[in-house]
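K.L.:
One file: upload_0.txt (compact mmCIF, C-alpha atoms).
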```txt
# COMPACT_ATOMS: atom_id res chain seq x y z
CA MET A 179 5.33 -9.13 -14.39
CA PHE A 180 2.45 -8.17 -12.10
CA PHE A 181 3.09 -11.10 -9.76
CA LEU A 182 6.65 -9.87 -9.15
CA GLU A 183 5.66 -6.16 -9.18
CA PHE A 184 3.52 -6.50 -6.06
CA ALA A 185 5.47 -9.34 -4.42
CA VAL A 186 8.28 -6.76 -4.07
CA TRP A 187 5.94 -4.56 -2.02
CA GLY A 188 4.28 -7.32 -0.01
CA ALA A 189 7.60 -8.49 1.43
CA TYR A 190 7.85 -5.52 3.79
CA LEU A 191 4.83 -3.18 3.58
CA THR A 192 2.73 -4.69 6.38
CA CYS A 193 5.51 -6.06 8.62
CA MET A 194 8.19 -3.36 8.36
CA GLY A 195 7.01 -1.77 11.62
CA ASN A 196 8.00 -4.86 13.60
CA TYR A 197 11.64 -4.48 12.58
CA LEU A 198 11.73 -0.69 12.86
CA GLY A 199 10.74 -0.94 16.53
CA VAL A 200 13.67 -3.25 17.25
CA ALA A 201 16.05 -1.11 15.18
CA GLY A 202 15.35 1.99 17.28
CA LEU A 203 13.11 3.62 14.68
CA GLY A 204 9.74 2.79 16.21
CA ASN A 205 8.72 6.42 16.64
CA GLN A 206 9.58 7.09 12.99
CA ILE A 207 7.18 4.46 11.57
CA PRO A 208 4.70 7.10 10.36
CA TRP A 209 7.47 8.79 8.36
CA PHE A 210 8.44 5.52 6.67
CA TYR A 211 4.89 5.17 5.39
CA ALA A 212 4.42 8.89 4.73
CA ILE A 213 7.45 8.79 2.42
CA GLN A 214 5.46 6.57 0.07
CA GLY A 215 2.79 9.23 -0.17
CA ILE A 216 5.27 12.08 -0.57
CA VAL A 217 7.15 10.48 -3.47
CA SER A 218 3.83 9.46 -5.06
CA ILE A 219 3.04 13.15 -5.53
CA PHE A 220 5.81 13.74 -8.08
CA MET A 221 7.86 10.63 -8.97
CA PRO A 222 5.22 8.81 -11.09
CA THR A 223 4.72 11.99 -13.13
CA LEU A 224 8.47 12.46 -13.67
CA MET A 225 9.00 8.84 -14.70
CA GLY A 226 5.92 9.06 -16.90
CA ILE A 227 7.48 11.96 -18.83
CA VAL A 228 10.70 9.94 -19.25
CA ALA A 229 8.72 6.93 -20.52
CA ASP A 230 6.71 9.11 -22.89
CA ARG A 231 9.68 10.88 -24.47
CA TYR A 232 13.07 9.32 -23.76
CA MET A 233 13.06 5.61 -22.80
CA GLN A 234 10.89 2.62 -23.67
CA PRO A 235 8.52 1.97 -20.71
CA GLN A 236 9.52 -1.68 -20.22
CA ARG A 237 13.20 -0.69 -20.01
CA LEU A 238 12.47 2.17 -17.61
CA LEU A 239 10.41 -0.26 -15.52
CA GLY A 240 13.42 -2.56 -15.30
CA LEU A 241 15.85 0.27 -14.51
CA CYS A 242 13.61 1.57 -11.71
CA HIS A 243 13.45 -1.91 -10.19
CA LEU A 244 17.23 -2.25 -10.41
CA LEU A 245 17.69 0.96 -8.41
CA ALA A 246 14.82 0.23 -6.00
CA GLY A 247 16.19 -3.27 -5.37
CA ALA A 248 19.76 -2.05 -4.87
CA PHE A 249 18.73 0.53 -2.26
CA MET A 250 16.49 -2.02 -0.51
CA LEU A 251 19.36 -4.51 -0.35
CA PHE A 252 21.49 -1.78 1.21
CA CYS A 253 18.82 -1.49 3.93
CA TRP A 254 19.15 -5.23 4.49
CA TRP A 255 22.95 -4.95 4.61
CA MET A 256 22.82 -2.21 7.24
CA GLY A 257 20.52 -4.35 9.38
CA PHE A 258 22.80 -7.35 8.90
CA GLN A 259 25.85 -5.33 9.97
CA ALA A 260 24.05 -4.08 13.09
CA GLY A 261 23.07 -7.63 14.07
CA HIS A 262 19.83 -9.33 15.02
CA GLY A 263 17.77 -7.44 17.59
CA GLN A 264 20.21 -4.50 17.65
CA GLU A 265 19.60 -0.82 17.02
CA LEU A 266 20.92 0.59 13.77
CA PRO A 267 24.02 2.70 14.32
CA ASP A 268 23.26 5.00 11.35
CA LYS A 269 19.49 5.49 11.32
CA ALA A 270 19.64 8.49 8.97
CA MET A 271 21.48 6.49 6.30
CA PHE A 272 18.97 3.63 6.62
CA MET A 273 16.05 6.00 6.19
CA ALA A 274 17.71 7.70 3.23
CA SER A 275 18.31 4.37 1.48
CA TYR A 276 14.72 3.31 2.12
CA THR A 277 13.48 6.65 0.73
CA MET A 278 15.47 6.19 -2.48
CA SER A 279 14.15 2.65 -2.88
CA VAL A 280 10.54 3.75 -2.48
CA ALA A 281 11.09 6.75 -4.77
CA PHE A 282 12.06 4.42 -7.62
CA TYR A 283 9.50 1.74 -6.75
CA MET A 284 6.31 3.83 -6.65
CA PRO A 285 6.48 4.90 -10.34
CA THR A 286 6.74 1.25 -11.40
CA ILE A 287 3.08 0.64 -10.55
CA ALA A 288 1.97 3.03 -13.29
CA LEU A 289 4.73 1.88 -15.64
CA ALA A 290 3.62 -1.74 -15.28
CA ASN A 291 0.09 -0.69 -16.28
CA THR A 292 1.46 1.17 -19.31
CA VAL A 293 3.48 -1.85 -20.46
CA ALA A 294 0.59 -4.25 -19.92
CA PHE A 295 -1.97 -2.17 -21.81
CA ASP A 296 0.36 -1.69 -24.77
CA ILE A 297 1.23 -5.39 -25.06
CA LEU A 298 -2.41 -6.47 -24.72
CA LYS A 299 -3.62 -4.01 -27.35
CA LYS A 300 -0.89 -4.98 -29.83
CA ASN A 301 -1.86 -8.64 -29.49
CA GLY A 302 -5.57 -8.00 -30.02
CA TYR A 303 -6.78 -8.41 -26.43
CA ASP A 304 -9.66 -6.49 -24.84
CA THR A 305 -8.09 -4.55 -21.96
CA VAL A 306 -11.41 -4.19 -20.11
CA LYS A 307 -11.98 -7.93 -20.18
CA ASP A 308 -8.45 -9.36 -20.13
CA PHE A 309 -6.53 -6.95 -17.88
CA PRO A 310 -8.32 -7.57 -14.52
CA PRO A 311 -7.39 -11.31 -14.34
CA ILE A 312 -3.77 -10.33 -15.03
CA ARG A 313 -3.83 -7.55 -12.43
CA VAL A 314 -5.25 -9.96 -9.83
CA LEU A 315 -1.98 -11.91 -10.09
CA GLY A 316 -0.33 -8.84 -8.58
CA THR A 317 -2.46 -9.27 -5.47
CA VAL A 318 -1.59 -12.98 -5.45
CA GLY A 319 2.09 -12.08 -5.53
CA PHE A 320 1.60 -9.60 -2.69
CA ILE A 321 -0.16 -12.25 -0.57
CA LEU A 322 2.36 -15.04 -1.21
CA SER A 323 5.23 -12.68 -0.42
CA MET A 324 3.53 -11.81 2.88
CA TRP A 325 3.07 -15.49 3.69
CA PHE A 326 6.73 -16.21 2.94
CA VAL A 327 8.16 -13.54 5.26
CA ASN A 328 5.58 -14.52 7.92
CA CYS A 329 6.77 -18.13 8.10
CA ALA A 330 10.40 -18.04 6.90
CA VAL A 331 13.08 -18.42 9.58
CA TRP A 332 16.86 -18.05 9.31
CA THR A 333 18.50 -19.09 12.54
CA GLN A 334 21.84 -18.03 13.97
CA ASN A 335 23.08 -21.55 13.18
CA GLY A 336 22.66 -20.82 9.47
CA THR A 337 19.63 -23.08 8.91
CA PHE A 338 16.52 -22.10 6.96
CA ASP A 339 13.03 -23.25 7.93
CA PHE A 340 9.31 -22.40 7.95
CA THR A 341 7.15 -22.18 11.05
CA PHE A 342 3.78 -20.84 12.20
CA GLY A 343 4.84 -20.97 15.84
CA PRO A 344 6.75 -18.43 17.97
CA HIS A 345 10.26 -17.72 16.72
CA PRO A 346 12.38 -14.57 17.14
CA PHE A 347 14.18 -15.04 13.79
CA LYS A 348 11.13 -14.94 11.52
CA PHE A 349 11.72 -12.70 8.53
CA GLN A 350 8.71 -10.56 9.51
CA TYR A 351 10.60 -9.39 12.62
CA THR A 352 14.02 -8.87 11.04
CA TYR A 353 15.94 -7.04 8.32
CA LEU A 354 15.63 -10.15 6.10
CA GLN A 355 12.27 -8.89 4.79
CA PHE A 356 14.21 -6.16 2.96
CA MET A 357 16.48 -8.79 1.43
CA VAL A 358 13.45 -10.63 0.03
CA SER A 359 12.05 -7.41 -1.44
CA GLY A 360 15.40 -6.38 -2.95
CA LEU A 361 16.03 -9.76 -4.56
CA LEU A 362 12.54 -9.86 -6.07
CA SER A 363 13.17 -6.39 -7.52
CA LEU A 364 16.36 -7.62 -9.19
CA VAL A 365 14.52 -10.64 -10.62
CA LEU A 366 11.90 -8.32 -12.11
CA PHE A 367 14.67 -6.06 -13.46
CA LEU A 368 16.01 -9.01 -15.46
CA TYR A 369 12.56 -10.17 -16.50
CA CYS A 370 11.63 -6.73 -17.88
CA PHE A 371 14.25 -7.12 -20.61
CA THR A 372 12.46 -10.23 -21.90
CA LEU A 373 9.21 -8.27 -22.43
CA PRO A 374 8.09 -7.11 -25.89
CA GLN A 375 9.17 -3.61 -26.81
CA VAL A 376 6.82 -0.72 -26.07
CA LYS A 377 7.78 1.92 -28.59
CA ILE A 378 7.92 5.60 -27.69
CA GLU A 379 5.19 7.49 -29.49
CA LYS A 380 5.97 10.93 -30.88
CA LYS A 381 4.40 13.60 -28.69
CA ASP A 382 3.33 17.14 -29.46
CA GLU A 383 6.40 19.28 -28.79
CA ASN A 384 4.19 22.32 -28.11
CA VAL A 385 2.58 20.81 -25.01
CA SER A 386 3.03 23.14 -22.04
CA LEU A 387 4.84 22.17 -18.86
CA ALA A 388 1.53 22.47 -16.95
CA GLU A 389 -0.07 19.94 -19.30
CA ARG A 390 2.85 17.52 -19.00
CA PHE A 391 2.54 17.53 -15.21
CA GLY A 392 -1.24 17.22 -15.33
CA LEU A 393 -1.78 20.59 -13.65
CA LYS A 394 -4.74 21.47 -15.89
CA ALA A 395 -6.85 19.04 -13.86
CA PHE A 396 -6.71 21.43 -10.90
CA LYS A 397 -9.33 23.59 -12.63
CA LEU A 398 -11.82 20.93 -11.49
CA PHE A 399 -11.68 22.54 -8.02
CA LYS A 400 -13.71 25.40 -9.47
CA THR A 401 -16.73 23.07 -9.53
CA LYS A 402 -18.27 22.56 -6.06
CA LYS A 403 -19.15 18.92 -6.71
CA MET A 404 -15.63 18.01 -7.86
CA ALA A 405 -13.96 20.11 -5.16
CA LEU A 406 -15.94 18.25 -2.48
CA PHE A 407 -15.10 14.91 -4.10
CA PHE A 408 -11.35 15.58 -4.07
CA ILE A 409 -11.45 16.96 -0.51
CA PHE A 410 -13.23 13.82 0.70
CA SER A 411 -10.77 11.73 -1.33
CA ALA A 412 -7.96 13.23 0.74
CA LEU A 413 -9.88 12.75 4.01
CA LEU A 414 -10.57 9.10 3.24
CA GLY A 415 -7.02 8.71 2.00
CA MET A 416 -5.93 9.49 5.56
CA CYS A 417 -7.12 5.99 6.49
CA LEU A 418 -5.23 4.11 3.77
CA GLN A 419 -1.81 3.48 5.33
CA VAL A 420 -2.79 3.41 9.02
CA THR A 421 -3.33 -0.35 9.23
CA ASN A 422 -0.46 -1.08 6.81
CA GLY A 423 1.85 0.69 9.22
CA TYR A 424 0.45 -0.35 12.57
CA MET A 425 -1.69 -3.49 12.31
CA GLY A 426 1.45 -5.67 12.37
CA PRO A 427 3.04 -4.05 15.46
CA PHE A 428 -0.40 -4.01 17.15
CA ILE A 429 -1.09 -7.73 16.74
CA THR A 430 2.56 -8.62 17.46
CA SER A 431 2.40 -6.57 20.69
CA PHE A 432 0.29 -9.34 22.23
CA LYS A 433 3.49 -11.44 22.28
CA GLY A 434 4.54 -9.17 25.14
CA SER A 435 1.49 -10.15 27.22
CA LEU A 436 2.06 -11.72 30.64
CA ASP A 437 -0.68 -14.23 29.77
CA GLU A 438 1.16 -17.12 28.05
CA VAL A 439 -1.98 -18.20 26.19
CA ILE A 440 -2.20 -14.79 24.54
CA ALA A 441 1.57 -14.45 24.02
CA ASN A 442 1.81 -17.86 22.32
CA SER A 443 -1.43 -17.58 20.33
CA PHE A 444 -1.37 -18.25 16.59
CA ALA A 445 -2.54 -14.71 15.75
CA ALA A 446 0.09 -12.96 17.90
CA ASN A 447 2.87 -14.95 16.23
CA ASN A 448 1.55 -14.70 12.66
CA ALA A 449 0.50 -11.06 12.31
CA THR A 450 1.61 -10.85 8.67
CA LEU A 451 -0.29 -14.00 7.74
CA LEU A 452 -3.44 -12.74 9.47
CA THR A 453 -3.13 -9.35 7.77
CA SER A 454 -2.93 -11.06 4.37
CA ILE A 455 -6.66 -11.87 4.68
CA SER A 456 -7.14 -8.17 3.89
CA GLN A 457 -5.48 -8.63 0.50
CA VAL A 458 -7.53 -11.76 -0.24
CA SER A 459 -10.68 -9.76 0.53
CA GLU A 460 -9.42 -6.93 -1.68
CA ALA A 461 -9.02 -9.29 -4.66
CA LEU A 462 -12.51 -10.74 -4.21
CA CYS A 463 -14.26 -7.41 -3.63
CA ILE A 464 -13.02 -6.06 -6.97
CA LEU A 465 -15.23 -8.64 -8.67
CA SER A 466 -18.35 -7.47 -6.80
CA ILE A 467 -18.05 -3.76 -7.61
CA PRO A 468 -20.04 -3.85 -10.92
CA PHE A 469 -23.01 -5.41 -9.10
CA PHE A 470 -23.01 -2.84 -6.28
CA LEU A 471 -22.52 0.12 -8.64
CA LYS A 472 -25.44 -0.96 -10.81
CA ARG A 473 -27.72 -1.61 -7.85
CA TYR A 474 -26.86 1.22 -5.46
CA GLY A 475 -25.09 3.95 -7.43
CA ILE A 476 -21.70 5.58 -7.00
CA LYS A 477 -22.46 7.71 -3.92
CA ASN A 478 -23.84 4.79 -1.92
CA VAL A 479 -20.93 2.56 -2.89
CA MET A 480 -18.52 5.27 -1.70
CA LEU A 481 -20.45 5.51 1.56
CA MET A 482 -20.12 1.75 2.01
CA SER A 483 -16.37 2.20 1.77
CA MET A 484 -16.32 4.97 4.39
CA PHE A 485 -18.36 3.03 6.93
CA ALA A 486 -16.32 -0.10 6.20
CA TRP A 487 -13.33 1.88 7.51
CA VAL A 488 -15.31 2.49 10.72
CA LEU A 489 -15.75 -1.28 11.06
CA ARG A 490 -12.13 -1.93 10.08
CA PHE A 491 -10.81 0.18 12.96
CA GLY A 492 -13.62 -0.67 15.39
CA PHE A 493 -13.10 -4.44 15.10
CA LEU A 494 -9.38 -3.99 15.82
CA GLY A 495 -10.20 -2.00 18.94
CA LEU A 496 -12.60 -4.67 20.22
CA GLY A 497 -10.69 -7.81 19.19
CA SER A 498 -7.99 -9.97 20.76
CA PRO A 499 -5.65 -12.71 19.44
CA THR A 500 -7.52 -15.55 21.17
CA MET A 501 -11.02 -16.90 20.64
CA PRO A 502 -13.56 -15.40 20.31
CA GLY A 503 -11.81 -12.02 19.95
CA VAL A 504 -9.67 -13.17 17.02
CA ILE A 505 -12.87 -13.43 14.95
CA LEU A 506 -13.12 -9.64 15.16
CA PHE A 507 -9.57 -9.36 13.79
CA ILE A 508 -10.59 -11.59 10.88
CA LEU A 509 -13.74 -9.51 10.28
CA SER A 510 -11.58 -6.39 10.24
CA CYS A 511 -9.50 -7.96 7.48
CA ILE A 512 -12.59 -9.02 5.51
CA VAL A 513 -14.18 -5.54 5.49
CA TYR A 514 -10.87 -4.08 4.27
CA GLY A 515 -11.76 -5.20 0.75
CA VAL A 516 -14.88 -3.03 0.82
CA ALA A 517 -13.08 -0.15 2.55
CA PHE A 518 -10.22 -0.03 0.05
CA ASP A 519 -11.77 -1.10 -3.27
CA PHE A 520 -15.21 0.48 -3.15
CA PHE A 521 -13.89 4.04 -2.93
CA ASN A 522 -10.77 3.69 -5.08
CA VAL A 523 -12.49 1.93 -7.97
CA SER A 524 -15.83 3.75 -7.86
CA GLY A 525 -13.98 7.04 -7.36
CA GLY A 526 -11.99 6.38 -10.50
CA ILE A 527 -15.21 5.67 -12.41
CA PHE A 528 -16.77 8.89 -11.07
CA VAL A 529 -13.78 10.93 -12.27
CA ASP A 530 -13.98 9.27 -15.68
CA GLN A 531 -17.70 10.11 -15.98
CA GLU A 532 -17.42 13.71 -14.84
CA CYS A 533 -14.32 14.94 -16.69
CA GLU A 534 -13.86 15.98 -20.28
CA PRO A 535 -11.66 13.66 -22.40
CA SER A 536 -8.74 16.09 -22.65
CA ILE A 537 -8.04 16.01 -18.90
CA LYS A 538 -9.28 12.53 -17.90
CA ALA A 539 -5.79 11.12 -17.44
CA SER A 540 -4.67 14.17 -15.46
CA ALA A 541 -7.85 14.03 -13.34
CA GLN A 542 -7.16 10.38 -12.50
CA GLY A 543 -3.66 11.41 -11.47
CA LEU A 544 -5.12 14.15 -9.28
CA PHE A 545 -7.47 11.64 -7.66
CA MET A 546 -4.55 9.33 -6.86
CA MET A 547 -2.48 12.26 -5.59
CA MET A 548 -5.24 13.37 -3.20
CA THR A 549 -5.81 9.84 -1.83
CA ASN A 550 -2.41 8.10 -1.93
CA GLY A 551 -0.33 11.27 -1.80
CA VAL A 552 -1.75 14.09 0.31
CA GLY A 553 -4.33 12.07 2.26
CA ALA A 554 -2.15 9.07 3.03
CA THR A 555 0.80 11.25 4.07
CA VAL A 556 -1.19 13.47 6.45
CA GLY A 557 -3.13 10.48 7.79
CA THR A 558 -0.05 8.38 8.49
CA LEU A 559 1.75 11.19 10.32
CA SER A 560 -1.39 12.03 12.34
CA ALA A 561 -1.98 8.39 13.23
CA GLY A 562 1.65 8.03 14.26
CA ALA A 563 1.36 11.03 16.60
CA ILE A 564 -1.75 9.53 18.22
CA ILE A 565 -0.23 6.06 18.63
CA ASN A 566 3.06 7.43 19.97
CA SER A 567 1.10 9.36 22.63
CA TYR A 568 -0.81 6.26 23.82
CA CYS A 569 1.80 3.53 23.25
CA GLU A 570 5.55 3.09 23.56
CA TRP A 571 8.15 0.49 22.60
CA ASN A 572 9.34 -1.69 25.48
CA LYS A 573 12.77 -3.26 25.89
CA ASP A 574 11.64 -6.45 24.11
CA GLY A 575 10.68 -4.58 20.94
CA PHE A 576 6.88 -4.60 21.41
CA LEU A 577 4.71 -1.50 20.98
CA MET A 578 2.63 -1.65 24.18
CA GLY A 579 -0.08 0.70 25.43
CA ASP A 580 -3.71 1.72 25.07
CA TRP A 581 -4.31 0.38 21.57
CA PRO A 582 -8.15 0.26 21.78
CA THR A 583 -8.35 4.03 22.31
CA CYS A 584 -6.21 4.60 19.21
CA TRP A 585 -8.40 2.38 17.02
CA PHE A 586 -11.60 3.99 18.34
CA ILE A 587 -10.21 7.47 17.53
CA PHE A 588 -9.56 6.34 13.95
CA ALA A 589 -13.03 4.77 13.75
CA ALA A 590 -14.64 8.00 14.99
CA PHE A 591 -12.75 10.00 12.35
CA ALA A 592 -13.95 7.68 9.55
CA PHE A 593 -17.51 7.90 10.92
CA VAL A 594 -17.49 11.72 10.87
CA VAL A 595 -16.10 11.72 7.31
CA GLY A 596 -18.83 9.28 6.22
CA ILE A 597 -21.67 11.30 7.74
CA SER A 598 -20.28 14.54 6.28
CA PHE A 599 -19.96 12.95 2.84
CA ALA A 600 -23.55 11.68 2.98
CA ILE A 601 -24.84 15.19 3.78
CA LEU A 602 -22.62 17.37 1.59
CA PHE A 603 -21.83 15.35 -1.52
CA LYS A 604 -24.63 15.36 -4.08
CA PRO A 605 -23.63 13.94 -7.48
CA ASP A 606 -25.94 14.09 -10.45
CA LYS A 607 -28.23 11.09 -10.72
CA LYS A 608 -27.45 9.22 -13.93
```
Represent the structure of the file as C-alpha cells.

P.N.:
Amino acid sequence: MFFLEFAVWGAYLTCMGNYLGVAGLGNQIPWFYAIQGIVSIFMPTLMGIVADRYMQPQRLLGLCHLLAGAFMLFCWWMGFQAGHGQELPDKAMFMASYTMSVAFYMPTIALANTVAFDILKKNGYDTVKDFPPIRVLGTVGFILSMWFVNCAVWTQNGTFDFTFGPHPFKFQYTYLQFMVSGLLSLVLFLYCFTLPQVKIEKKDENVSLAERFGLKAFKLFKTKKMALFFIFSALLGMCLQVTNGYMGPFITSFKGSLDEVIANSFAANNATLLTSISQVSEALCILSIPFFLKRYGIKNVMLMSMFAWVLRFGFLGLGSPTMPGVILFILSCIVYGVAFDFFNVSGGIFVDQECEPSIKASAQGLFMMMTNGVGATVGTLSAGAIINSYCEWNKDGFLMGDWPTCWFIFAAFAFVVGISFAILFKPDKK
C-alpha cells in the first residue's frame, strides 16, 4: 500500500516543471506546487471526518485514488491530444483537472496512515517498532517511480525503451509522467479493496464543529513559545517545495548550453534520477534522528535542519552538471535528508511533548498546516516570482537565466530564518 501510495506522487512531483515549460505553463509552475499546499489546508480534514463517521477508511482511500487517478489521466489525455512538444490549447482545463487530482490525492497520505495503524494494532504489532520499516517502502516507491520516468522513452515510432542518454521523448519531459501516476493510482484503488476492513468507530455526537476541524489547537498561539514555533514552522515550510518545483527545470536547463560537453552531460539529461538522491538521503536520515535528538536536543536538531537548507540552496548555486561541479549537486541532494527530516520529525516530537492529550492530534494537524500548507504555498509562489524575474523559458523549452542568484537568495532567506530561530526560540530544557 505505501509503496504504491508514494509511487503515485514520485511519477511527476519533481519533473512536472519540465513538461509545464513546454506546454506553455512555465510561468505557472509555482501555482501547480502551491495548489498542493492550498488543498492540504482543508481536504485532509474533510476526508478525515468522512472516514471517522461515514465510510471505512480503506474504502475511502481507494475511492480517493480512483478520482485522483482519473483526473490525472485526463491531464495525460490533454497532453496527448496537444501532441509532443506542443502548447496545451486549453491550459485552464488542464490546471483544473490537475487541481482536482491533487485535491483527492493529498488526503490519502493521512488515510494510508490510519489504515496501517489500525491493521497493525489489530494483528498485535507494535506501531512504534513495526511501522517505520513499512513507511520506508513508501520512499522506495517514490524513488523507483522517479527512476522509471527518468529513463523511460516512448518514441514516435511506437517503441518503448530505457536510456540514460539524451532523448527528447523521455517521460520526465512529456505528458507521459501523468499517465504513469494515473495508472498507479488506479492500481492502488483496486488494491485497497483487498485490505482488511477498518471499522468506523462510534464518535461522540456532541463534539463541536470547531473540535472536528481541529480548531481548538489554535489556542496554542496564546503561548509565546508555541506561537514562535508555529511561525518558524511556516517560515521553514517556505523552503519545502522550492526544489521540488525547480530543481528539475534548473538541472535540465543545462541541456540548452552552447557547450556540448555540458549539454550532453549525464546530470543534465538525468535530472530526475539525480534528484532522487534526495529521497534516498531522506530515508536514511530518518534512522539517525533518535541519535541526534538524544545527543543534541530538539532545538539544535531543528537548527541543523535550517542550516541544511542553506547548504541545499547554496550548493545548487555553486554547482554545475560536469565534474567537479556535479559533486556539489550531489551534496545538495545528500543534505536534503537533514533539511527535510530533522525539522519535520523533531517538530512533530516537540508538539507531542508540549501539548495536552486532548488536542495533540489537532496540534499535529496545525503543525502540518503551517509547514506544508501555509508555508509551502507562500514559499512556492514567492520563489516562482523570483525565478520568473531572473529566468525565462526559451523556444526549446529550457528555463534559462541567472539561476545562481536565485539559489543564493533562497540560501540567504534560510540563513536569516536559522539565525532568528537560534536567538528567539527558547524551549524548556528537558

K.L.:
Quick one: of A:Lys403, A:Lys573, A:His262, A:Lys397, who's nearest to A:Phe599, counting only C-alpha atoms?

P.N.:
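Checking each candidate against A:Phe599, we get A:Lys403 as the closest.
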
K.L.:
Just give me the gap between atom CA of A:Gly199 and atom CA of A:Leu245 in Å, one decimal is fine.

P.N.:
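One can read the atom CA of A:Gly199 to atom CA of A:Leu245 distance as 26.0 Å.
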
K.L.:
Tell me which protein, DNA and RNA residues are within 10 Å of A:Met179, counting all atoms listed in the file, leaving out same-chain ones fewer than 3 positions away, and put them as number ranges by chain.

P.N.:
A: 182-185, 290, 293-294, 312-313, 315-316, 319, 366-367, 369-370, 373

K.L.:
What lies within 10 Å of A:Gly515 using only C-alpha atoms, ignoring chain neighbours under 3 positions off, as a list in words?

P.N.:
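The neighbour list is Ile455, Ser456, Gln457, Val458, Ser459, Glu460, Ala461, Leu462, Cys463, Ile464, Ser483, Ala486, Trp487, Arg490, Ser510, Cys511, Ile512, Phe518, Asp519 and Phe520 of chain A.
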
K.L.:
Would you please work out which residue, of A:Gln355, A:Asn196, A:Thr333, A:Asn442, is nearest to A:Trp255 when using all atoms listed in the file?

P.N.:
A:Gln355

K.L.:
Which distance in Å separates atom CA of A:Leu322 and atom CA of A:Phe371, to one decimal?

P.N.:
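Atom-to-atom, atom CA of A:Leu322 and atom CA of A:Phe371 are spaced 24.1 Å apart.
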
K.L.:
List every residue of stretch 539-601 of chain A that has an atom at most 8 Å from any atom of stretch 209-223 of chain A, giving for each one its closest atom pair and the distance in Å to one decimal, counting only C-alpha atoms, sorted by chain and then by ascending residue number, as a tab-separated table.

P.N.:
```
residue	atom	partner	partner_atom	distance
A:Met547	CA	A:Ile219	CA	5.6
A:Asn550	CA	A:Gly215	CA	5.6
A:Gly551	CA	A:Gly215	CA	4.1
A:Val552	CA	A:Gly215	CA	6.7
A:Ala554	CA	A:Gly215	CA	5.9
A:Thr555	CA	A:Ala212	CA	4.4
A:Val556	CA	A:Ala212	CA	7.4
A:Thr558	CA	A:Ala212	CA	5.9
A:Leu559	CA	A:Trp209	CA	6.5
```

K.L.:
Measure the distance from atom CA of A:Gly557 to atom CA of A:Tyr514 in Å and round it to one decimal.

P.N.:
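We find that atom CA of A:Gly557 and atom CA of A:Tyr514 lie 16.9 Å from each other.
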
K.L.:
With distances taken over all atoms listed in the file, which of A:Met324, A:Cys417, A:Met480, A:Ala600 is nearest to A:Leu191?

P.N.:
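The answer is A:Met324, which sits nearest to A:Leu191.
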
K.L.:
For A:Ala405, which residue out of A:Gly226, A:Gly543, A:Pro311, A:Pro605 is the nearest one, using all atoms listed in the file?

P.N.:
A:Pro605

K.L.:
Skip stretch 427-430 of chain A itself and residues of its chain fewer than 6 positions away, then list as a list in words all residues within 9 Å of it, counting only C-alpha atoms.

P.N.:
Cys193, Met194, Gly195, Asn196, Gly199, Ala441, Ala445, Ala446, Asn447, Asn448, Ala449, Ser498, Pro499, Phe576, Leu577, Met578 and Trp581 of chain A

K.L.:
Can you work out which one of A:Gly302, A:Gly525, A:Gly257, A:Pro502 has the shortest atom-to-atom distance to A:Gly475, counting only C-alpha atoms?

P.N.:
A:Gly525

K.L.:
When distances are computed from only C-alpha atoms, which of A:Ser524, A:Gln264, A:Ser279, A:Thr450 shows the smallest separation from A:Phe470?

P.N.:
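The shortest atom-to-atom distance to A:Phe470 comes from A:Ser524.
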